Amino acid sequence: MIIFLQNLSFTSIAIISAVFGSVAIVWARVLLKDIKARDILGINFLTMGIVLLLISPLFYYFKFSWLAALLLILIAVIDTVANYFYFKTFENTEASVAAPILSLAPGFTFFFGWLFIGDKVSWYSFVIAILIIIIVVFFSIDFKNFKYFKTISLTPAIISSLFFGLSAIPTKYLLSTMQVTNAPTLYMFRAGLIALFSLLFFRFPLREISVKQYRQIFLRSLFVIGQWVLLYLALSKGNAGVTVTLANITPIFAFMLGAVLLKEKITFKKLLAAIMILFLSLII
């Protein structure tokens, strides 16, 4: 499986990451109906860290240096903030309303990538990526309900997008420039550190979460692990902005899953947008 993924282009891997992410984002909204953002944050990442630790002999690789350690901590700090505001957004707003704002992360990645590591991309790829971001945003907007977007959700949604966009830069530097670790090892450390930071700054409400909810958190964590390990693998192979753009086309796959499995209504607007996004994703 690993050899198969390594032979794929970074764009293909990023798109597969988006498929896993589409399941995770729907599951997050279901969980946050009954659990507060600060309560699920630590348990969510502790679960993923333990799962990866148990199978770590199969993939572990980390070449220690102080710079690598500092960058690893930086990634965890950035992603702790990003994930807290990510969950906070869905706690206050319906997924169909919040998704457009959360889809802006790739725009920040292009800017930070150019600013900090000189990660440039051709004008052709940049223009197509921007088109994908724009179409994803408009695809996600439910104009009938957008007027109900709560002001309290706008700030956390923008903060989450900004920090997720920023996180890709030190991640790419560790994986691609320094080459001191691999995707699953990096995500294992990331998950463990975010769980630790959550324990220090928030709390672990172990008794307030039911066995059924723990089961849901565990099952969702498998999809999140798949999503992010694939994203990190894609980042190690290609441009950060393009990779994050493709990994954020999750609304398209969520739409497809809903149409096939849940028999949800297919509108002409969403069908056309889905076709355009998939086409642009294949030619970027």
# chains A, B, ... in the order shown; residues from 1 in each chain; ligands from 1
call {"tool": "residues_around", "arguments": {"residues": "Tyr214 in chain A", "least_positions_apart": "2", "cutoff": "12 Å", "atoms": "only C-alpha atoms", "output": "JSON, numbers by chain"}}
result
{"A": [31, 35, 40, 43, 44, 46, 47, 205, 206, 207, 208, 209, 210, 211, 212, 216, 217, 218, 219, 220, 221]}
call {"tool": "closest_atom_pairs", "arguments": {"of": "range 151-208 of chain A", "to": "range 105-120 of chain A", "cutoff": "6 Å", "atoms": "only C-alpha atoms", "output": "Markdown table"}}
result
| residue | atom | partner | partner_atom | distance |
| --- | --- | --- | --- | --- |
| A:Ser161 | CA | A:Ala105 | CA | 4.3 |
| A:Leu162 | CA | A:Ala105 | CA | 5.8 |
| A:Gly165 | CA | A:Thr109 | CA | 4.3 |
| A:Leu166 | CA | A:Thr109 | CA | 5.8 |
| A:Ile169 | CA | A:Gly113 | CA | 5.8 |
call {"tool": "select_by_dssp", "arguments": {"residues": "range 23-268 of chain A", "states": "helix (DSSP H, G or I)", "output": "ChimeraX atom specification"}}
result
/A:23-31,37-54,56-58,66-92,95-102,105-117,123-140,146-148,151-178,183-201,206-208,211-237,240-247,250-261,268
call {"tool": "atom_distance", "arguments": {"atom1": "CA of Lys63 in chain A", "atom2": "CA of Gly49 in chain A"}}
result
19.3 Å
call {"tool": "residues_around", "arguments": {"residues": "Met256 in chain A", "least_positions_apart": "6", "cutoff": "12 Å", "atoms": "only C-alpha atoms", "output": "list in words"}}
result
Val19, Ser22, Val23, Ile249, Thr250, Leu262, Lys263, Glu264, Lys265, Ile266, Thr267, Lys270, Leu271, Ala273, Ala274, Ile275 and Leu278 of chain A
call {"tool": "closest_residue", "arguments": {"among": "A:Leu272, A:Ile25, A:Ser281, A:Asp79", "to": "Thr243 in chain A", "atoms": "only C-alpha atoms"}}
result
A:Ser281
call {"tool": "residues_around", "arguments": {"residues": "Ile16 in chain A", "least_positions_apart": "2", "cutoff": "12 Å", "atoms": "only C-alpha atoms", "output": "VMD selection string"}}
result
chain A and resid 5 8 to 14 18 to 23 223 226 to 231 233 to 234 243 246 to 250 253 281
call {"tool": "atom_distance", "arguments": {"atom1": "CA of Ile78 in chain A", "atom2": "CA of Ala191 in chain A"}}
result
12.1 Å
call {"tool": "closest_residue", "arguments": {"among": "A:Phe189, A:Phe197, A:Tyr86, A:Phe139", "to": "Pro156 in chain A", "atoms": "only C-alpha atoms"}}
result
A:Tyr86
call {"tool": "residues_around", "arguments": {"residues": "Ile283 in chain A", "least_positions_apart": "5", "cutoff": "12 Å", "atoms": "only C-alpha atoms", "output": "list in words"}}
result
Thr11, Ser12, Tyr124, Ser125, Phe126, Val127, Ile128, Ala129, Ile132, Val242, Leu246, Met276, Ile277 and Leu278 of chain A
call {"tool": "atom_distance", "arguments": {"atom1": "CA of Leu282 in chain A", "atom2": "CA of Phe268 in chain A"}}
result
21.3 Å
call {"tool": "closest_residue", "arguments": {"among": "A:Asn83, A:Ser236, A:Thr177, A:Ser122", "to": "Arg190 in chain A", "atoms": "only C-alpha atoms"}}
result
A:Asn83
